[in-house]
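K.L.:
Sharing a structure, written as structure tokens. Questions coming.
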Amino acid sequence: MDYSSIEQNLNNFKKLVAGNSDKSQISPVLVQLKLAATIHLEKPTSLSNVSDKVKKDLVLAREILELISLYSIKVKDIDSFERTFNQLKTYYYDYKSIIAPSTLEYQIVGLNLMRLLAKHKTSQFHSEIELIQLNNLDNQFIKFPLLVEKSITEGSYNKIIQSKSVVPSEYYQVFLDILADSIKEDIANCSEKSFKTLTLKDAEKVLLFNDNSQFQQYIKERNWKVQGDVIQFGNDTNQTVEIPSLQLIHQTLHYAKELERIV
Amino acid sequence: MADIEMSDASKPSVVEEVDPVQKANEASLLTCADIKKNIGLIDKGVDTKEMRFIISVLRHIQSIRKKLNYKVLNQTVNFAFAHPNHSTKKNFLLSFIKSDGSSMDIDSTSQTTEKETTPSSHMNIEVESYIHLLVLIHLIDQKRYEDATKCSSALMETVQSNTRITLYPLSSKIFFYYSLSYEMTNNLQEVRSTLISALRTATLRHNDEGQATIINLLLRNYLEYNLFDQADKLLTNTQFPETASSNQFARYFYYQGRIRAIQLEYAESFKFLTQAIRKAPQNTAGGFRRTVYKLLSIVQLLMGEIPERNTFSQKQLKTALKPYFHLTEAVRVGDLGSFNQALEQNSNVFKSDQTYTLVQRLRSNVIKAGLKKLNTAYSRISFNDICTKLKFDGTTQDIMFIIAKTIKDGVIDATINYEGGYLQSRENTDAYSTQEPLHAFSNRIDICLKIHNDSLKAMRFHPDLNKAETEKIAEVAKTIKEEMERQAEESSDNEGDSDF
């Protein structure tokens, strides 16, 4: 495949995606583009003296991968997004010095951050943030996942739900939906610990439910006791204090062994 | 780290040269003599395969470094590479030194030395590398980094193509300066592949010190570009040699601490950083300790602990740690207002210290500390009051969720009353009715036992003393055996007698 035919393929792909075509129509083009980006387009062997042709190839390959990653989010194929992003990283960080930055770069990096948040990979999330230059942290695409992360660690779940209206692009919505479920779980866990009682009306508000029937089902799933219109959270204050006998035996034997060694 | 600081320290010696020429000449003659003596020592070390001669030479590199100037180097290079066989190498090295100034002077000195010595065609690779290394260090001190990279690359090639055991101690120094020269020209990523292949050879050939140095250099290399993923993978895939010097260990622990801090594993990070401080030299390497203490104080804050006050009042660290001190105060009090202020005022400091992202994570800790204080002070307090007291910039709904999370995390022991919109703290439970004291005592006992065991392990016996003792025992055993044999013989003789 040569440059022009790949380019044509890419345009074809764009059209298909924009026209919301069927998956079966898009996938053959997608496969060809993937092959083109990884095999047919040339890559530099060293970072010095890169010819213009190779640079052109690099830019095209990057564009292909970017569009593929956005498409994967559109069809909610998160694994495919992860794969493509890992390929893209080379273009964003290693070839930074030889090709001009892409306009989509921050959006895709931001989306990856959202992916890590949605998958609860916080340590990776922070490693990725370190890769972003400090003055770019204010970029709207990057700022958003940062804000979400901050709200999660703080416990301001409210803010995350509210932030739905200010997403920087439609693609972020996918991850926010995934997050919303886990947030609901978090709130429920917190509520169990922190409330003694809660009226049903308030609980619906606290747990951020919009639909009453969903809420009723959720209460059943959680096995919460409902008396009248009040939920009783089982804060067992009168737990019986058990003597940790096995642990104590282990400890004492351990001390005995060590003392034996000293004496 | 430690060595970077040294380059500043070497400045005064350059100034010294300018005043009395006589004195300078004398000094350079002395240095030359020193280097010649060292070359002799290296030769001796190579011939007898005794590493300690070479290691002692390397130990003097720092003191010689301060006295290096182009004259000394010229003389040494001319002396060492006197034989025509080595002229290419000589010219190569001289090309770096020459551009320094008065060439007249150089010629006169070089001629005199050549007459004095009878050059031999044989030359140890160790000596060659040693002199090459001295030239390289000189270039770095002179801030001629471009030349230094060229010089160091050539040196790396020679070291990599030779695999003599006697070259090992030198090689770790060479790796270090090689990486340093590239770091100074901001081309650190170029050396990565060379270092990785060097690490492979060092590991295969059991060059422990070299291996330790390279692992640290690679970690530094990755962290320079914030490649925490790669650095973490390097850590999991390599094993740090246990025989490495404590300086290398200190660095290794520091890098590990930094990586873990970024990955939110604060307890681990804290462990590594404290170890790094313990392993670091106590009187020198102030820069290293400053950096570690900065990171350490933040990690401690993130763990929810307050660093001890005397860490901030140490003489060497006082000014450097000031921003971190303000931060600590804000976190301790739990005052969001002063925290934001401290963050804003010192944001440039934190950015240059590469702790900015870590500091930003502290916000939730500040809120938690504030809540904890409020919870102990009030038995019941409304959400509105909490907001104003903490100077919190959000709605009461927001603060309610935050409080709920803090309760879940076990930071405060309280319940929320939603209808009334207040926080009710629970009665303090008696700590002695729980397992807490048991755990605390058990921890302490474990530490004591560990100290005892470690000190037993760390006790060293003099090898000769041990040998003498075993010999003595062996001798005693021998005499006893002989005695017994003699007795047996005698008795058998006696028996024989009786038989007759």
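Going through the structure tokens in order, the chains are called A, B, and so on, while each chain numbers its residues from 1 and the ligands are numbered from 1 in the order shown.
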List as a tab-separated table every residue of chain A that is in contact with chain B, defined as an atom at most 6 Å from one of its atoms (using only C-alpha atoms), together with the nearest atom pair and the distance in Å rounded to one decimal, sorted by chain and then rising number.
P.N.:
residue	atom	partner	partner_atom	distance
A:Ser123	CA	B:Gln263	CA	4.1
A:Ser127	CA	B:Phe228	CA	5.6
A:Glu130	CA	B:Asn226	CA	5.7
A:Leu131	CA	B:Asn226	CA	5.4
A:Glu154	CA	B:Ser364	CA	5.2
A:Gly155	CA	B:Ile402	CA	4.4
A:Ser156	CA	B:Asp398	CA	5.4
A:Cys190	CA	B:Lys408	CA	5.3
A:Lys193	CA	B:Lys408	CA	5.8
A:Ser194	CA	B:Thr415	CA	4.8
A:Phe195	CA	B:Ile416	CA	5.3
K.L.:
Quick one: everything within 12 Å of Glu221 in chain A, counting only C-alpha atoms, minus sequence neighbours fewer than 6 positions away in the same chain. Send it as a PyMOL selection string.
P.N.:
chain A and resi 185+188+214-215
K.L.:
Rounded to one decimal in Å, what is the spacing between CA of Ala37 in chain A and CA of Ala61 in chain A?
P.N.:
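So the answer is 4.7 Å.
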K.L.:
Would you kindly return, as a PyMOL selection string, each protein, DNA or RNA residue with an atom no farther than 12 Å from any atom of Cys32 in chain B, considering only C-alpha atoms and excluding same-chain residues fewer than 6 positions away?
P.N.:
chain B and resi 25-26+38-39+64-65+67-80+109+113+131+134
K.L.:
Keeping only C-alpha atoms, write those residues as a PDB file, in the first residue's frame.
P.N.:
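What landed in selection14.pdb:
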ATOM      1  CA  ASN B  25      53.506  25.455  39.029  1.00  0.00           C
ATOM      2  CA  GLU B  26      54.561  23.761  42.193  1.00  0.00           C
ATOM      3  CA  ASN B  38      48.502   6.432  40.928  1.00  0.00           C
ATOM      4  CA  ILE B  39      49.352   5.088  37.492  1.00  0.00           C
ATOM      5  CA  ILE B  64      42.857  15.175  42.425  1.00  0.00           C
ATOM      6  CA  ARG B  65      39.853  16.573  40.627  1.00  0.00           C
ATOM      7  CA  LYS B  67      43.766  20.258  41.377  1.00  0.00           C
ATOM      8  CA  LEU B  68      43.323  19.365  37.729  1.00  0.00           C
ATOM      9  CA  ASN B  69      44.242  21.918  35.104  1.00  0.00           C
ATOM     10  CA  TYR B  70      45.248  21.727  31.504  1.00  0.00           C
ATOM     11  CA  LYS B  71      48.932  21.784  32.356  1.00  0.00           C
ATOM     12  CA  VAL B  72      48.748  18.818  34.622  1.00  0.00           C
ATOM     13  CA  LEU B  73      46.670  16.878  32.166  1.00  0.00           C
ATOM     14  CA  ASN B  74      48.952  17.718  29.311  1.00  0.00           C
ATOM     15  CA  GLN B  75      51.935  16.493  31.152  1.00  0.00           C
ATOM     16  CA  THR B  76      50.209  13.319  32.245  1.00  0.00           C
ATOM     17  CA  VAL B  77      48.893  12.501  28.819  1.00  0.00           C
ATOM     18  CA  ASN B  78      52.288  13.102  27.277  1.00  0.00           C
ATOM     19  CA  PHE B  79      53.925  11.020  29.940  1.00  0.00           C
ATOM     20  CA  ALA B  80      51.559   8.110  29.776  1.00  0.00           C
ATOM     21  CA  THR B 109      56.600  20.930  29.470  1.00  0.00           C
ATOM     22  CA  THR B 113      58.838  14.881  30.276  1.00  0.00           C
ATOM     23  CA  ILE B 131      43.770   9.125  32.278  1.00  0.00           C
ATOM     24  CA  LEU B 134      40.647  12.447  34.310  1.00  0.00           C
TER      25      LEU B 134
END
K.L.:
From the DSSP assignment of the backbone, select every residue of range 294-416 of chain B that is helix (DSSP H, G or I), and format the answer as a PyMOL selection string.
P.N.:
chain B and resi 294-302+309-312+322-333+336-345+347-353+356-360+363-377+383-390+396-408
K.L.:
Give me the residues within 12 Å of Thr243 in chain B as a list in words, counting only C-alpha atoms and dropping any in the same chain fewer than 6 places off.
P.N.:
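Contacts, in chain order: His206, Asn207, Asp208, Glu209, Gly210, Gln211, Ala212, Thr213 and Phe249 of chain B.
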K.L.:
Name all residues at most 12 Å from Asn86 in chain A (count only C-alpha atoms; drop same-chain ones fewer than 5 positions away) and give them as JSON, numbers by chain.
P.N.:
{"A": [62, 65, 66, 69, 79, 80, 81, 91, 92, 93, 108, 109, 112, 128]}
K.L.:
Any idea what the distance is between CA of Val366 in chain B and CA of Leu336 in chain B?
P.N.:
6.4 Å
K.L.:
Mind checking which residues fall within 10 Å of Lys14 in chain A, counting only C-alpha atoms, ignoring those fewer than 2 positions away in the same chain, and posting them as a list in words?
P.N.:
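Returned residues: Gln8, Asn9, Leu10, Asn11, Asn12, Leu16, Val17, Ala18, Gly19, Asn20, Ile26, Ile64, Leu67, Ile68 and Tyr71 of chain A.
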K.L.:
Counting only C-alpha atoms, which of B:Ala330, B:Ile386, B:Ala154, B:Ala231 gets nearest to Tyr178 in chain B?
P.N.:
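Distance minimum relative to Tyr178 in chain B lands on B:Ala154.
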